[in-house]
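S.K.: Compact mmCIF, C-alpha atoms (C1' of nucleotides), saved as work-v4.txt, coming up:
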```txt
# COMPACT_ATOMS: atom_id res chain seq x y z
CA MET A 27 105.02 90.20 70.80
CA LYS A 28 104.99 89.07 74.40
CA GLN A 29 103.10 85.89 75.09
CA ALA A 30 101.49 84.59 78.23
CA ALA A 31 103.36 81.57 79.48
CA PRO A 32 101.32 78.66 80.80
CA ALA A 33 101.08 78.37 84.57
CA ALA A 34 103.46 75.78 85.92
CA ASN A 35 106.02 76.19 88.53
CA ASP A 36 109.46 75.06 89.56
CA GLY A 37 108.23 74.45 93.02
CA LEU A 38 108.37 77.71 94.92
CA LYS A 39 104.91 78.47 96.16
CA LEU A 40 104.96 81.77 98.01
CA SER A 41 102.38 80.76 100.60
CA ALA A 42 104.33 77.63 101.48
CA TRP A 43 107.78 79.18 101.42
CA LEU A 44 109.12 79.21 104.96
CA PRO A 45 110.60 82.73 104.94
CA TYR A 46 107.37 84.18 103.60
CA ARG A 47 105.31 82.41 106.24
CA LEU A 48 107.52 83.80 108.99
CA PHE A 49 107.32 87.22 107.47
CA LEU A 50 103.55 87.07 107.25
CA VAL A 51 103.05 86.27 110.92
CA ALA A 52 105.58 88.88 111.97
CA ALA A 53 104.05 91.55 109.75
CA GLN A 54 100.45 90.91 110.72
CA VAL A 55 101.28 90.99 114.37
CA ALA A 56 103.46 94.05 114.08
CA ARG A 57 100.73 96.14 112.49
CA PRO A 58 98.44 96.65 115.50
CA LEU A 59 101.40 97.21 117.80
CA GLU A 60 102.86 99.73 115.40
CA SER A 61 99.65 101.67 115.05
CA PHE A 62 99.39 101.73 118.83
CA TYR A 63 102.78 103.22 119.50
CA SER A 64 102.74 105.52 116.53
CA GLU A 65 99.27 106.93 117.31
CA THR A 66 99.84 107.09 121.03
CA PHE A 67 103.42 108.30 121.25
CA GLY A 68 104.45 109.25 117.73
CA LEU A 69 107.10 106.57 117.84
CA SER A 70 108.58 104.95 114.72
CA GLN A 71 109.42 101.28 114.47
CA ALA A 72 113.11 102.00 114.98
CA GLY A 73 112.24 104.20 117.94
CA TRP A 74 110.25 101.42 119.56
CA ARG A 75 112.98 98.86 119.09
CA ILE A 76 115.62 101.14 120.54
CA LEU A 77 113.35 101.94 123.46
CA ALA A 78 113.00 98.22 124.11
CA VAL A 79 116.76 97.81 124.07
CA ILE A 80 117.55 100.66 126.43
CA ALA A 81 114.74 99.52 128.73
CA GLU A 82 116.79 96.49 129.61
CA ARG A 83 120.21 98.09 129.96
CA ASP A 84 121.54 100.85 132.19
CA ALA A 85 123.15 102.60 129.28
CA ALA A 86 124.05 101.64 125.77
CA ASN A 87 126.03 103.19 122.97
CA ALA A 88 124.76 103.41 119.43
CA SER A 89 126.59 100.39 118.08
CA GLU A 90 125.43 98.14 120.91
CA ILE A 91 121.89 99.23 120.18
CA GLY A 92 122.31 98.60 116.49
CA ARG A 93 123.59 95.11 117.12
CA ALA A 94 120.82 94.35 119.59
CA CYS A 95 117.98 95.34 117.33
CA ALA A 96 119.29 94.86 113.82
CA LEU A 97 119.38 98.51 112.78
CA ASP A 98 122.09 100.26 110.81
CA PRO A 99 123.93 103.20 112.41
CA PHE A 100 121.86 105.77 110.51
CA ALA A 101 118.61 104.36 111.73
CA VAL A 102 119.95 104.12 115.27
CA SER A 103 121.09 107.70 115.22
CA ARG A 104 117.74 108.91 113.96
CA GLY A 105 115.81 106.69 116.33
CA ILE A 106 117.75 107.99 119.31
CA GLY A 107 117.14 111.52 118.06
CA GLN A 108 113.42 110.84 118.03
CA LEU A 109 113.45 109.32 121.51
CA VAL A 110 115.37 112.30 122.88
CA GLU A 111 112.89 114.71 121.29
CA LEU A 112 110.02 112.81 122.84
CA GLY A 113 111.76 112.89 126.21
CA PHE A 114 112.04 109.11 126.29
CA ALA A 115 115.83 108.89 126.22
CA MET A 116 118.92 110.87 127.18
CA ARG A 117 122.39 111.04 125.70
CA ARG A 118 125.40 111.64 127.94
CA PRO A 119 128.97 111.70 126.76
CA GLY A 120 130.79 108.42 127.46
CA LYS A 121 133.03 108.37 130.52
CA THR A 122 136.26 107.07 129.06
CA ASP A 123 135.82 107.42 125.32
CA ARG A 124 133.65 110.37 124.40
CA ARG A 125 132.95 109.18 120.89
CA PHE A 126 130.53 106.70 122.42
CA ALA A 127 127.58 108.52 123.87
CA ALA A 128 125.76 106.54 126.52
CA VAL A 129 122.04 106.44 125.85
CA SER A 130 119.67 105.71 128.69
CA ILE A 131 115.93 105.59 129.17
CA THR A 132 114.09 108.28 131.10
CA ARG A 133 111.26 107.87 133.55
CA SER A 134 108.63 108.79 130.97
CA GLY A 135 110.38 106.58 128.43
CA ARG A 136 109.94 103.70 130.80
CA THR A 137 106.28 104.50 131.28
CA ALA A 138 105.75 104.49 127.54
CA PHE A 139 107.75 101.29 127.20
CA ASN A 140 105.66 99.56 129.82
CA ARG A 141 102.43 100.48 128.04
CA ILE A 142 103.71 99.21 124.70
CA ALA A 143 105.20 96.11 126.28
CA ALA A 144 101.85 95.29 127.86
CA LEU A 145 100.25 95.19 124.43
CA GLY A 146 103.22 93.27 123.06
CA SER A 147 102.89 90.65 125.75
CA ARG A 148 99.19 90.38 125.12
CA ILE A 149 99.87 89.68 121.48
CA GLU A 150 102.55 87.14 122.22
CA ALA A 151 100.26 85.41 124.72
CA ARG A 152 97.56 85.07 122.10
CA LEU A 153 100.01 83.49 119.70
CA LEU A 154 101.43 81.13 122.29
CA ALA A 155 97.93 80.13 123.36
CA ARG A 156 97.58 78.40 120.00
CA LEU A 157 100.54 76.13 120.72
CA SER A 158 100.98 73.22 123.07
CA GLU A 159 103.69 73.22 125.70
CA SER A 160 105.87 70.91 123.66
CA GLU A 161 105.35 72.92 120.51
CA ARG A 162 106.55 76.02 122.33
CA THR A 163 109.69 74.25 123.40
CA THR A 164 110.35 72.96 119.91
CA LEU A 165 109.65 76.33 118.32
CA ASP A 166 111.96 78.06 120.76
CA SER A 167 114.89 75.83 120.03
CA ALA A 168 114.19 75.71 116.29
CA LEU A 169 114.03 79.50 116.13
CA THR A 170 117.37 79.78 117.85
CA ARG A 171 118.96 77.73 115.12
CA LEU A 172 117.06 79.54 112.38
CA GLU A 173 118.29 82.86 113.77
CA GLY A 174 121.86 81.64 113.55
CA GLU A 175 121.47 80.25 110.06
CA SER A 176 119.66 83.31 108.75
CA ALA A 177 122.42 85.54 110.08
CA ARG A 178 124.92 83.44 108.15
CA ILE A 179 122.77 83.55 105.02
CA ASP A 180 122.56 87.31 105.31
CA ALA A 181 126.30 87.59 105.85
CA VAL A 182 127.43 85.57 102.84
CA GLY A 183 125.20 87.29 100.28
CA TRP A 184 123.43 85.96 97.21
CA ARG A 185 126.50 85.35 95.07
CA ALA A 186 127.87 82.83 97.54
CA LEU A 187 124.45 81.27 97.96
CA LEU A 188 124.13 80.62 94.25
CA ASP A 189 127.71 79.46 93.80
CA ASP A 190 128.29 76.91 96.45
CA ALA A 191 126.85 73.45 96.25
CA VAL A 192 126.75 73.14 100.00
CA THR A 193 128.32 75.33 102.64
CA PRO A 194 128.28 73.27 105.82
CA MET B 5 115.19 118.01 134.23
CA LYS B 6 114.91 114.58 132.71
CA GLN B 7 116.46 111.78 134.69
CA ALA B 8 117.77 108.40 133.67
CA ALA B 9 115.57 105.66 135.06
CA PRO B 10 117.25 102.54 136.41
CA ALA B 11 117.23 99.50 134.15
CA ALA B 12 114.53 97.03 135.12
CA ASN B 13 111.87 95.63 133.03
CA ASP B 14 108.29 94.46 133.03
CA GLY B 15 109.28 91.33 131.24
CA LEU B 16 109.35 92.10 127.55
CA LYS B 17 112.80 91.33 126.28
CA LEU B 18 112.98 92.16 122.60
CA SER B 19 115.33 89.32 121.71
CA ALA B 20 113.05 86.77 123.35
CA TRP B 21 109.76 88.19 122.09
CA LEU B 22 108.29 85.73 119.62
CA PRO B 23 107.14 88.24 116.99
CA TYR B 24 110.55 89.87 116.96
CA ARG B 25 112.30 86.55 116.56
CA LEU B 26 110.12 85.65 113.59
CA PHE B 27 110.70 89.04 112.08
CA LEU B 28 114.44 88.74 112.51
CA VAL B 29 114.72 85.47 110.64
CA ALA B 30 112.40 86.69 107.89
CA ALA B 31 114.26 89.97 107.49
CA GLN B 32 117.75 88.52 107.47
CA VAL B 33 116.78 85.96 104.91
CA ALA B 34 114.91 88.43 102.73
CA ARG B 35 117.89 90.73 102.38
CA PRO B 36 120.10 88.65 100.07
CA LEU B 37 117.11 87.61 97.99
CA GLU B 38 116.01 91.19 97.66
CA SER B 39 119.42 92.43 96.60
CA PHE B 40 119.56 89.65 94.05
CA TYR B 41 116.28 90.46 92.32
CA SER B 42 116.67 94.18 92.58
CA GLU B 43 120.23 94.22 91.21
CA THR B 44 119.57 91.61 88.56
CA PHE B 45 116.12 92.57 87.33
CA GLY B 46 115.32 95.92 88.91
CA LEU B 47 112.40 94.33 90.69
CA SER B 48 110.87 95.75 93.88
CA GLN B 49 109.65 93.62 96.75
CA ALA B 50 106.05 94.03 95.67
CA GLY B 51 107.05 93.17 92.11
CA TRP B 52 108.68 89.95 93.24
CA ARG B 53 105.72 88.89 95.32
CA ILE B 54 103.29 89.53 92.49
CA LEU B 55 105.53 87.66 90.09
CA ALA B 56 105.50 84.69 92.47
CA VAL B 57 101.71 84.80 92.60
CA ILE B 58 101.13 84.95 88.87
CA ALA B 59 103.74 82.24 88.34
CA GLU B 60 101.36 79.77 89.94
CA ARG B 61 98.09 80.88 88.36
CA ASP B 62 96.97 81.09 84.73
CA ALA B 63 95.67 84.57 85.23
CA ALA B 64 94.81 86.67 88.23
CA ASN B 65 93.08 89.96 88.78
CA ALA B 66 94.47 92.65 91.00
CA SER B 67 92.39 91.86 94.06
CA GLU B 68 93.23 88.16 93.97
CA ILE B 69 96.88 89.11 93.81
CA GLY B 70 96.49 91.52 96.69
CA ARG B 71 94.87 88.88 98.84
CA ALA B 72 97.47 86.28 97.94
CA CYS B 73 100.46 88.36 98.85
CA ALA B 74 99.22 90.83 101.45
CA LEU B 75 99.51 93.99 99.37
CA ASP B 76 97.04 96.87 99.17
CA PRO B 77 95.47 97.73 95.79
CA PHE B 78 97.80 100.67 95.20
CA ALA B 79 100.88 98.54 95.68
CA VAL B 80 99.43 95.83 93.47
CA SER B 81 98.66 98.28 90.71
CA ARG B 82 102.15 99.74 90.83
CA GLY B 83 103.78 96.33 91.07
CA ILE B 84 101.91 95.12 88.02
CA GLY B 85 102.91 98.29 86.23
CA GLN B 86 106.54 97.54 87.00
CA LEU B 87 106.25 93.94 85.82
CA VAL B 88 104.60 95.03 82.59
CA GLU B 89 107.36 97.57 81.95
CA LEU B 90 109.99 94.90 82.52
CA GLY B 91 108.15 92.59 80.14
CA PHE B 92 107.49 90.08 82.92
CA ALA B 93 103.68 90.32 82.91
CA MET B 94 100.78 91.16 80.61
CA ARG B 95 97.40 92.70 81.27
CA ARG B 96 94.44 91.63 79.15
CA PRO B 97 90.91 92.86 79.68
CA GLY B 98 88.80 90.33 81.58
CA LYS B 99 86.51 88.19 79.46
CA THR B 100 83.19 88.71 81.17
CA ASP B 101 83.77 91.76 83.36
CA ARG B 102 86.25 94.15 81.84
CA ARG B 103 86.86 96.00 85.07
CA PHE B 104 88.99 93.05 86.14
CA ALA B 105 92.08 92.89 84.02
CA ALA B 106 93.59 89.43 83.91
CA VAL B 107 97.29 89.57 84.65
CA SER B 108 99.48 86.74 83.46
CA ILE B 109 103.17 85.98 83.44
CA THR B 110 105.19 86.12 80.24
CA ARG B 111 107.87 83.75 79.07
CA SER B 112 110.65 86.06 80.21
CA GLY B 113 108.79 86.68 83.47
CA ARG B 114 108.84 82.97 84.09
CA THR B 115 112.55 82.80 83.35
CA ALA B 116 113.20 85.54 85.88
CA PHE B 117 110.90 83.90 88.39
CA ASN B 118 112.72 80.59 88.04
CA ARG B 119 116.06 82.23 88.69
CA ILE B 120 114.79 84.00 91.79
CA ALA B 121 112.95 80.91 92.97
CA ALA B 122 116.14 78.89 92.68
CA LEU B 123 117.84 81.23 95.13
CA GLY B 124 114.75 81.22 97.34
CA SER B 125 114.73 77.47 97.48
CA ARG B 126 118.42 77.40 98.26
CA ILE B 127 117.80 79.70 101.18
CA GLU B 128 114.87 77.69 102.46
CA ALA B 129 116.87 74.50 102.13
CA ARG B 130 119.64 75.94 104.28
CA LEU B 131 117.14 76.90 106.95
CA LEU B 132 115.41 73.53 106.90
CA ALA B 133 118.76 71.76 107.06
CA ARG B 134 119.09 73.05 110.61
CA LEU B 135 115.89 71.28 111.68
CA SER B 136 115.10 67.65 112.23
CA GLU B 137 112.29 65.96 110.35
CA SER B 138 109.99 66.12 113.34
CA GLU B 139 110.83 69.74 114.00
CA ARG B 140 109.86 70.58 110.43
CA THR B 141 106.51 68.89 110.88
CA THR B 142 105.87 70.65 114.16
CA LEU B 143 106.95 74.01 112.77
CA ASP B 144 104.71 73.59 109.76
CA SER B 145 101.61 72.91 111.77
CA ALA B 146 102.44 75.52 114.40
CA LEU B 147 102.98 78.15 111.71
CA THR B 148 99.61 77.38 110.21
CA ARG B 149 97.94 78.17 113.50
CA LEU B 150 100.12 81.23 114.07
CA GLU B 151 99.14 82.54 110.63
CA GLY B 152 95.49 82.23 111.54
CA GLU B 153 95.88 83.82 114.93
CA SER B 154 98.03 86.65 113.62
CA ALA B 155 95.43 87.42 110.98
CA ARG B 156 92.81 87.70 113.73
CA ILE B 157 95.11 89.86 115.84
CA ASP B 158 95.66 92.14 112.88
CA ALA B 159 91.94 92.29 112.17
CA VAL B 160 90.77 93.27 115.64
CA GLY B 161 93.26 96.09 116.17
CA TRP B 162 95.03 97.31 119.28
CA ARG B 163 92.01 98.77 121.04
CA ALA B 164 90.31 95.42 121.22
CA LEU B 165 93.57 93.74 122.23
CA LEU B 166 93.97 96.02 125.21
CA ASP B 167 90.32 95.89 126.23
CA ASP B 168 89.41 92.28 126.31
CA ALA B 169 90.53 89.97 129.04
CA VAL B 170 90.38 87.01 126.70
CA THR B 171 88.86 86.72 123.25
CA PRO B 172 88.56 83.00 122.59
C1' DG C 26 66.99 102.95 78.09
C1' DC C 27 69.40 105.84 80.68
C1' DA C 28 70.74 108.41 84.82
C1' DA C 29 72.53 107.24 89.35
C1' DT C 30 75.29 104.47 91.98
C1' DA C 31 78.71 100.86 92.71
C1' DT C 32 83.00 98.44 91.69
C1' DA C 33 87.80 97.75 90.20
C1' DC C 34 91.47 99.67 89.45
C1' DT C 35 94.86 103.76 88.24
C1' DT C 36 97.16 108.19 88.71
C1' DG C 37 99.01 112.36 90.71
C1' DC C 38 100.78 114.55 94.50
C1' DA C 39 102.24 115.35 99.06
C1' DC C 40 104.55 113.18 102.68
C1' DT C 41 107.75 109.88 104.83
C1' DT C 42 111.44 106.79 104.91
C1' DT C 43 116.01 105.19 103.25
C1' DG C 44 120.53 104.97 101.45
C1' DC C 45 124.60 107.00 101.04
C1' DA C 46 128.25 110.80 100.74
C1' DA C 47 130.28 113.83 103.33
C1' DG C 48 131.12 115.92 107.87
C1' DC C 49 132.30 116.47 112.82
C1' DA C 50 134.31 115.06 117.11
C1' DT C 51 137.32 112.17 119.49
C1' DA C 52 140.94 108.79 119.85
C1' DT C 53 145.19 106.27 118.47
C1' DG C 54 149.57 105.47 116.16
C1' DT C 55 154.11 107.22 114.64
C1' DA D 8 151.93 117.24 116.32
C1' DC D 9 150.22 115.36 112.43
C1' DA D 10 147.99 111.58 109.93
C1' DT D 11 144.79 108.07 110.16
C1' DA D 12 141.01 105.48 112.28
C1' DT D 13 136.64 105.21 114.69
C1' DG D 14 131.91 106.36 116.13
C1' DC D 15 128.33 108.87 115.20
C1' DT D 16 125.50 112.64 112.76
C1' DT D 17 123.61 115.37 108.98
C1' DG D 18 121.99 116.67 104.39
C1' DC D 19 120.14 115.52 100.34
C1' DA D 20 118.46 112.71 96.61
C1' DA D 21 115.92 108.60 95.48
C1' DA D 22 112.48 105.42 96.56
C1' DG D 23 108.43 104.12 98.77
C1' DT D 24 103.55 105.11 100.82
C1' DG D 25 99.07 106.93 101.67
C1' DC D 26 95.29 109.07 100.05
C1' DA D 27 92.15 112.08 97.09
C1' DA D 28 90.51 112.19 92.88
C1' DG D 29 90.03 110.11 88.21
C1' DT D 30 88.85 106.58 84.57
C1' DA D 31 86.44 102.73 82.87
C1' DT D 32 83.07 99.38 83.32
C1' DA D 33 78.97 97.21 85.42
C1' DT D 34 74.58 97.16 87.92
C1' DT D 35 70.36 99.19 89.77
C1' DG D 36 66.17 101.87 89.96
C1' DC D 37 62.96 104.23 87.61
```
What is this file in structure tokens?

M.R.:
Amino acid sequence: MKQAAPAANDGLKLSAWLPYRLFLVAAQVARPLESFYSETFGLSQAGWRILAVIAERDAANASEIGRACALDPFAVSRGIGQLVELGFAMRRPGKTDRRFAAVSITRSGRTAFNRIAALGSRIEARLLARLSESERTTLDSALTRLEGESARIDAVGWRALLDDAVTP
Amino acid sequence: MKQAAPAANDGLKLSAWLPYRLFLVAAQVARPLESFYSETFGLSQAGWRILAVIAERDAANASEIGRACALDPFAVSRGIGQLVELGFAMRRPGKTDRRFAAVSITRSGRTAFNRIAALGSRIEARLLARLSESERTTLDSALTRLEGESARIDAVGWRALLDDAVTP
DNA sequence: GCAATATACTTGCACTTTGCAAGCATATGT
DNA sequence: ACATATGCTTGCAAAGTGCAAGTATATTGC
């Protein structure tokens, strides 16, 4: 029969584990924003991210969007579909290569974006208000490196992570 | 007819927005870990988080677990169910109040936990290797405050966030 | 002491989201 | 011109989620 093992731990405490701490802040902060845009505009998370991407470009194709907001092609396709249905985005066939449709934001898409962005900025401001000027600078540069390293970690996969002693 | 609006932006750039940057690192780093424990043990994300919580306690009831790893009671119940099926956890009726079942980790649950934790630590180590000693200290203390503030942001909801000029 | 209410979880079911195979349209190479 | 490659889309099954209702236990009021 199964027995309870005594509590004792090889040293990974969830609440102190860096990735979990990052996740927690991101998730808690995303929740109010998400309920805002989903209640107000019927937008999904993917829809919001894509909207944010096309708000800062004249036109983008699906793969550019995917790269910019870390979504796979399926999610991008569906997100664009949603935005088009809501009247927030338009697809036009690409000029030179018509496999790439150019997606651009509409006037009402921009209005919606601005309302969501206002809340987003408010949230970010509240977070930043808890940090000193020098902490912000440090966090900014640290995050840049963490982004790079996490992309590498993601790319190599768990087998490589367990194998290698150190991958410099 | 719908028209494309020119690109120009009220200042929220997704890739520079703090919550998105945190999310990105957390998500990229979670992916390899998640494919490891799901392929190897058939564990879901909730299952893994609960396993991590009961690995560091003698016994926990469902609401303690929920609080410790930010899961709602339904998810906790299902996660525990999964762990029990896999032989990684046990439920015993609580001693004084039998509405609270005490959940504890089994020997084989601990073995699984240790294997996942090893990968988790490897990942964290790679992230931390990109930071200097002083950056780690700063990040640690900054994250503590961000956790607190994000919990408050989550608690008040978007209506309050849009209303108030400043909530100190 | 026992019915009424409260608490802690669990289950079933409808609904949504996701992952992936296959498909369509367009382009490129031979 | 035909085969192959690329970029995106769709359909469907599997997994995940949210919520109403259910079970079991405890506490309260009478």

S.K.: Can you superpose chain A onto chain B by least squares over all C-alpha atoms paired in order and give the moved copy as a tab-separated table (two decimals) with C-alpha atoms, in the coordinates of the input?

M.R.:
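Result file is part29.tsv:
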```
chain	number	residue	atom	x	y	z
A	27	MET	CA	114.80	118.07	134.42
A	28	LYS	CA	114.57	114.64	132.85
A	29	GLN	CA	116.12	111.84	134.84
A	30	ALA	CA	117.47	108.50	133.77
A	31	ALA	CA	115.27	105.74	135.09
A	32	PRO	CA	116.96	102.64	136.46
A	33	ALA	CA	117.03	99.63	134.16
A	34	ALA	CA	114.35	97.13	135.07
A	35	ASN	CA	111.74	95.71	132.90
A	36	ASP	CA	108.17	94.52	132.90
A	37	GLY	CA	109.20	91.43	131.09
A	38	LEU	CA	109.30	92.19	127.40
A	39	LYS	CA	112.76	91.45	126.16
A	40	LEU	CA	112.96	92.28	122.47
A	41	SER	CA	115.33	89.44	121.60
A	42	ALA	CA	113.05	86.89	123.25
A	43	TRP	CA	109.77	88.29	121.98
A	44	LEU	CA	108.30	85.81	119.53
A	45	PRO	CA	107.17	88.30	116.87
A	46	TYR	CA	110.57	89.95	116.83
A	47	ARG	CA	112.35	86.63	116.47
A	48	LEU	CA	110.17	85.72	113.50
A	49	PHE	CA	110.76	89.10	111.99
A	50	LEU	CA	114.51	88.80	112.42
A	51	VAL	CA	114.78	85.50	110.58
A	52	ALA	CA	112.47	86.69	107.83
A	53	ALA	CA	114.34	89.97	107.40
A	54	GLN	CA	117.82	88.49	107.39
A	55	VAL	CA	116.86	85.91	104.85
A	56	ALA	CA	115.00	88.36	102.68
A	57	ARG	CA	117.98	90.67	102.31
A	58	PRO	CA	120.18	88.56	100.02
A	59	LEU	CA	117.20	87.50	97.94
A	60	GLU	CA	116.09	91.10	97.61
A	61	SER	CA	119.48	92.34	96.55
A	62	PHE	CA	119.60	89.55	93.98
A	63	TYR	CA	116.34	90.36	92.28
A	64	SER	CA	116.72	94.09	92.56
A	65	GLU	CA	120.28	94.12	91.15
A	66	THR	CA	119.58	91.52	88.52
A	67	PHE	CA	116.13	92.50	87.31
A	68	GLY	CA	115.33	95.83	88.91
A	69	LEU	CA	112.44	94.22	90.71
A	70	SER	CA	110.93	95.60	93.93
A	71	GLN	CA	109.75	93.43	96.78
A	72	ALA	CA	106.13	93.88	95.74
A	73	GLY	CA	107.09	93.06	92.17
A	74	TRP	CA	108.74	89.83	93.24
A	75	ARG	CA	105.79	88.73	95.32
A	76	ILE	CA	103.33	89.42	92.54
A	77	LEU	CA	105.55	87.57	90.10
A	78	ALA	CA	105.51	84.58	92.44
A	79	VAL	CA	101.74	84.70	92.60
A	80	ILE	CA	101.13	84.91	88.87
A	81	ALA	CA	103.72	82.18	88.30
A	82	GLU	CA	101.36	79.71	89.87
A	83	ARG	CA	98.10	80.84	88.30
A	84	ASP	CA	96.95	81.14	84.70
A	85	ALA	CA	95.64	84.61	85.27
A	86	ALA	CA	94.79	86.66	88.29
A	87	ASN	CA	93.08	89.95	88.93
A	88	ALA	CA	94.50	92.61	91.19
A	89	SER	CA	92.45	91.78	94.25
A	90	GLU	CA	93.27	88.07	94.08
A	91	ILE	CA	96.93	89.01	93.92
A	92	GLY	CA	96.59	91.37	96.84
A	93	ARG	CA	94.96	88.70	98.95
A	94	ALA	CA	97.54	86.10	97.98
A	95	CYS	CA	100.55	88.17	98.89
A	96	ALA	CA	99.34	90.58	101.53
A	97	LEU	CA	99.65	93.78	99.52
A	98	ASP	CA	97.20	96.66	99.42
A	99	PRO	CA	95.59	97.60	96.08
A	100	PHE	CA	97.97	100.52	95.54
A	101	ALA	CA	101.02	98.37	95.92
A	102	VAL	CA	99.52	95.71	93.66
A	103	SER	CA	98.74	98.23	90.99
A	104	ARG	CA	102.23	99.66	91.09
A	105	GLY	CA	103.85	96.24	91.24
A	106	ILE	CA	101.92	95.08	88.19
A	107	GLY	CA	102.92	98.29	86.44
A	108	GLN	CA	106.56	97.51	87.13
A	109	LEU	CA	106.24	93.92	85.93
A	110	VAL	CA	104.56	95.07	82.71
A	111	GLU	CA	107.33	97.61	82.10
A	112	LEU	CA	109.94	94.93	82.60
A	113	GLY	CA	108.08	92.65	80.21
A	114	PHE	CA	107.43	90.10	82.95
A	115	ALA	CA	103.64	90.37	82.99
A	116	MET	CA	100.72	91.26	80.73
A	117	ARG	CA	97.35	92.80	81.44
A	118	ARG	CA	94.32	91.82	79.36
A	119	PRO	CA	90.83	93.07	79.95
A	120	GLY	CA	88.67	90.54	81.83
A	121	LYS	CA	86.32	88.45	79.72
A	122	THR	CA	83.04	88.97	81.51
A	123	ASP	CA	83.66	91.94	83.77
A	124	ARG	CA	86.14	94.38	82.30
A	125	ARG	CA	86.86	96.12	85.56
A	126	PHE	CA	88.96	93.12	86.49
A	127	ALA	CA	92.02	92.97	84.30
A	128	ALA	CA	93.53	89.52	84.08
A	129	VAL	CA	97.25	89.60	84.77
A	130	SER	CA	99.42	86.78	83.52
A	131	ILE	CA	103.11	86.00	83.45
A	132	THR	CA	105.12	86.18	80.25
A	133	ARG	CA	107.80	83.82	79.04
A	134	SER	CA	110.61	86.10	80.21
A	135	GLY	CA	108.75	86.68	83.47
A	136	ARG	CA	108.82	82.97	84.04
A	137	THR	CA	112.52	82.80	83.29
A	138	ALA	CA	113.19	85.52	85.82
A	139	PHE	CA	110.91	83.83	88.33
A	140	ASN	CA	112.72	80.55	87.96
A	141	ARG	CA	116.09	82.17	88.61
A	142	ILE	CA	114.82	83.93	91.73
A	143	ALA	CA	112.98	80.84	92.90
A	144	ALA	CA	116.17	78.81	92.61
A	145	LEU	CA	117.89	81.14	95.05
A	146	GLY	CA	114.80	81.16	97.26
A	147	SER	CA	114.77	77.39	97.41
A	148	ARG	CA	118.45	77.33	98.20
A	149	ILE	CA	117.85	79.63	101.13
A	150	GLU	CA	114.91	77.65	102.39
A	151	ALA	CA	116.92	74.43	102.11
A	152	ARG	CA	119.68	75.89	104.24
A	153	LEU	CA	117.19	76.86	106.90
A	154	LEU	CA	115.44	73.50	106.86
A	155	ALA	CA	118.78	71.72	107.04
A	156	ARG	CA	119.10	73.03	110.59
A	157	LEU	CA	115.91	71.26	111.66
A	158	SER	CA	115.10	67.63	112.22
A	159	GLU	CA	112.30	65.93	110.34
A	160	SER	CA	109.99	66.12	113.32
A	161	GLU	CA	110.82	69.74	113.96
A	162	ARG	CA	109.86	70.56	110.39
A	163	THR	CA	106.52	68.89	110.84
A	164	THR	CA	105.88	70.68	114.11
A	165	LEU	CA	106.96	74.04	112.70
A	166	ASP	CA	104.74	73.59	109.68
A	167	SER	CA	101.64	72.93	111.69
A	168	ALA	CA	102.47	75.56	114.31
A	169	LEU	CA	103.00	78.18	111.62
A	170	THR	CA	99.64	77.40	110.11
A	171	ARG	CA	97.97	78.22	113.38
A	172	LEU	CA	100.14	81.27	113.96
A	173	GLU	CA	99.18	82.56	110.51
A	174	GLY	CA	95.52	82.25	111.40
A	175	GLU	CA	95.91	83.88	114.79
A	176	SER	CA	98.06	86.71	113.48
A	177	ALA	CA	95.48	87.46	110.81
A	178	ARG	CA	92.87	87.74	113.54
A	179	ILE	CA	95.14	89.93	115.65
A	180	ASP	CA	95.70	92.19	112.68
A	181	ALA	CA	91.99	92.33	111.94
A	182	VAL	CA	90.79	93.33	115.40
A	183	GLY	CA	93.27	96.16	115.94
A	184	TRP	CA	95.03	97.39	119.06
A	185	ARG	CA	92.00	98.86	120.81
A	186	ALA	CA	90.30	95.48	120.96
A	187	LEU	CA	93.53	93.81	121.99
A	188	LEU	CA	93.93	96.11	124.97
A	189	ASP	CA	90.28	96.01	125.97
A	190	ASP	CA	89.35	92.40	126.06
A	191	ALA	CA	90.46	90.12	128.83
A	192	VAL	CA	90.38	87.12	126.55
A	193	THR	CA	88.92	86.76	123.09
A	194	PRO	CA	88.64	83.03	122.49
```

S.K.: Please provide the set of residues having any atom within 8 Å of segment 185-188 of chain A, restricted to all atoms listed in the file, with same-chain residues fewer than 3 positions apart removed, written as a VMD selection string.

M.R.: (chain A and resid 179 182 191) or (chain B and resid 123 126 to 127)

S.K.: Output the contact residues of chain A with respect to chain D at a cut-off of 9 Å, based on only C-alpha atoms (C1' of nucleotides), as a VMD selection string.

M.R.: chain A and resid 88 to 89 99 to 100 103 to 104 125 to 127

S.K.: Chain C residues within 10 Å of chain A, counting only C-alpha atoms (C1' of nucleotides): which ones, as number ranges by chain?

M.R.: C: 43-45, 50-52

S.K.: At a cut-off of 12 Å, using only C-alpha atoms (C1' of nucleotides), what residues contact Ala96 of chain A? Leave out same-chain residues fewer than 2 positions from it and give the result as a PyMOL selection string.

M.R.: (chain A and resi 71-72+75-76+79+88-94+98-102+177+180) or (chain B and resi 18-19+24-25+27-29+31-32)

S.K.: Which is closest to chain B among A:Asp166, A:Glu65, A:Glu111, A:Glu173, if we use only C-alpha atoms?

M.R.: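 Nearest to chain B: A:Glu173.
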
S.K.: Leaving out Phe117 of chain B and any residue of its chain fewer than 5 positions from it, which residues lie within 12 Å of it when counting all atoms listed in the file, given as a VMD selection string?

M.R.: (chain A and resid 31 33 to 40) or (chain B and resid 40 to 41 44 to 45 47 51 to 60 87 92 to 93 109 to 112 122 to 125)

S.K.: What's the separation between atom CA of Gly120 of chain A and atom C1' of DA47 of chain C, in Å to one decimal place?

M.R.: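 About the pair atom CA of Gly120 of chain A and atom C1' of DA47 of chain C: they are 24.7 Å apart.
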